[in-house]
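A.B. asks: After the structure tokens below, expect a handful of questions from me.
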Amino acid sequence: MMSQSDSCDATSISPTRVAFQFFRKISTSLRSFFTALVVTSFLSGGVAAIADWPQWRGPDRDGSFNGPEWPKSLSSLTLKWKQPIDDGYPGPIISGSKVITVETLRKSNEVVRCFDRKTGEQIWSAQWEGAMRVPFFAARNGSWVRSTPATDGKSVFVAGMRDVLVSLDLNNGTENWRVDFVQRFETPIPSFGKLSRHVQIKNLLQLF
């Protein structure tokens with residue numbers, strides 16, 4: 001399934017997070033079919049601080065920014081690179097030199113991609129069949145993958161819409177394991193697609 005997503009101390013958040021917030025605002029409001037991942041850094045300071053954003057709402061899952069002061073406007077940021085991605089609600093995550101995104105491609109497959117944080121070059125991608133149609137009254141919000149992935153610095157954990165949890169190797173995208181909850185527990189596929197926020201506590205991965 002693989003065609004081509006290092007960890008460091010997660011005690012502060014890079015100014016890069018500002019651009020990610022901007023990206024999510026644009027993609028959510030416009031519901032664009034084809035969106036772009038935008039990575040920026042402060043003009044004043046030259047090099048953005050190195051830090052991780054390994055899961056939904058950051059290292060402590062509280063959405064806090066523990067780093068340099070946020071800019072008063074986006075005009076203080078400069079575009080470093082961008083990559084087109086398809087539909088989806090997941091926010092990007094950062095682990096060391098890698099940026100991970102998840103998307104629904106052509107309404108059929110769920111795709112995980114890993115980019116070099118500095119250059120934007122794609123390092124690897126992995127995909128599987130995972131699309132579904134949500135009920136008609138929710139269709140305007142899109143039948144797209146919903147869950148932001150998580151990483152422990154070694155693996156990437158992705159929850160697909162059809163209630164499948166997949167673990168991928170962070171360095172090369174090789175699949176470590178997967179759990180199909182529908183098959184294992186003989187439960188129906190969630191009507192609106194799986195929505196999960198993963199939390200790793202020691203050697204356990206918890207889903208909410």
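If you're wondering about the labels, chains in the structure tokens are A, B, ... by order shown, residues count from 1 in each chain, ligands from 1 in order shown.
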From a DSSP pass on the backbone, collect the residues of segment 33-197 of chain A flagged as helix (DSSP H, G or I) and hand them back as JSON, numbers by chain.

C.D. replies: {"A": [74, 75, 76, 136, 137, 138, 139, 140, 141, 181, 182, 183, 184, 185]}

A.B. asks: Might you pull out every residue within 10 Å of segment 159-171 of chain A, with only C-alpha atoms counted and same-chain residues fewer than 5 positions away left off, and present them as number ranges by chain?

C.D. replies: A: 2, 5-7, 95, 98, 100, 102-104, 109-112, 114, 123-124, 126, 128-134, 143-154, 176-183, 187-198, 207

A.B. asks: Hey, can you check how far atom CA of Thr78 of chain A sits from atom CA of Lys118 of chain A?

C.D. replies: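 Atom-to-atom, atom CA of Thr78 of chain A to atom CA of Lys118 of chain A, that is 13.4 Å.
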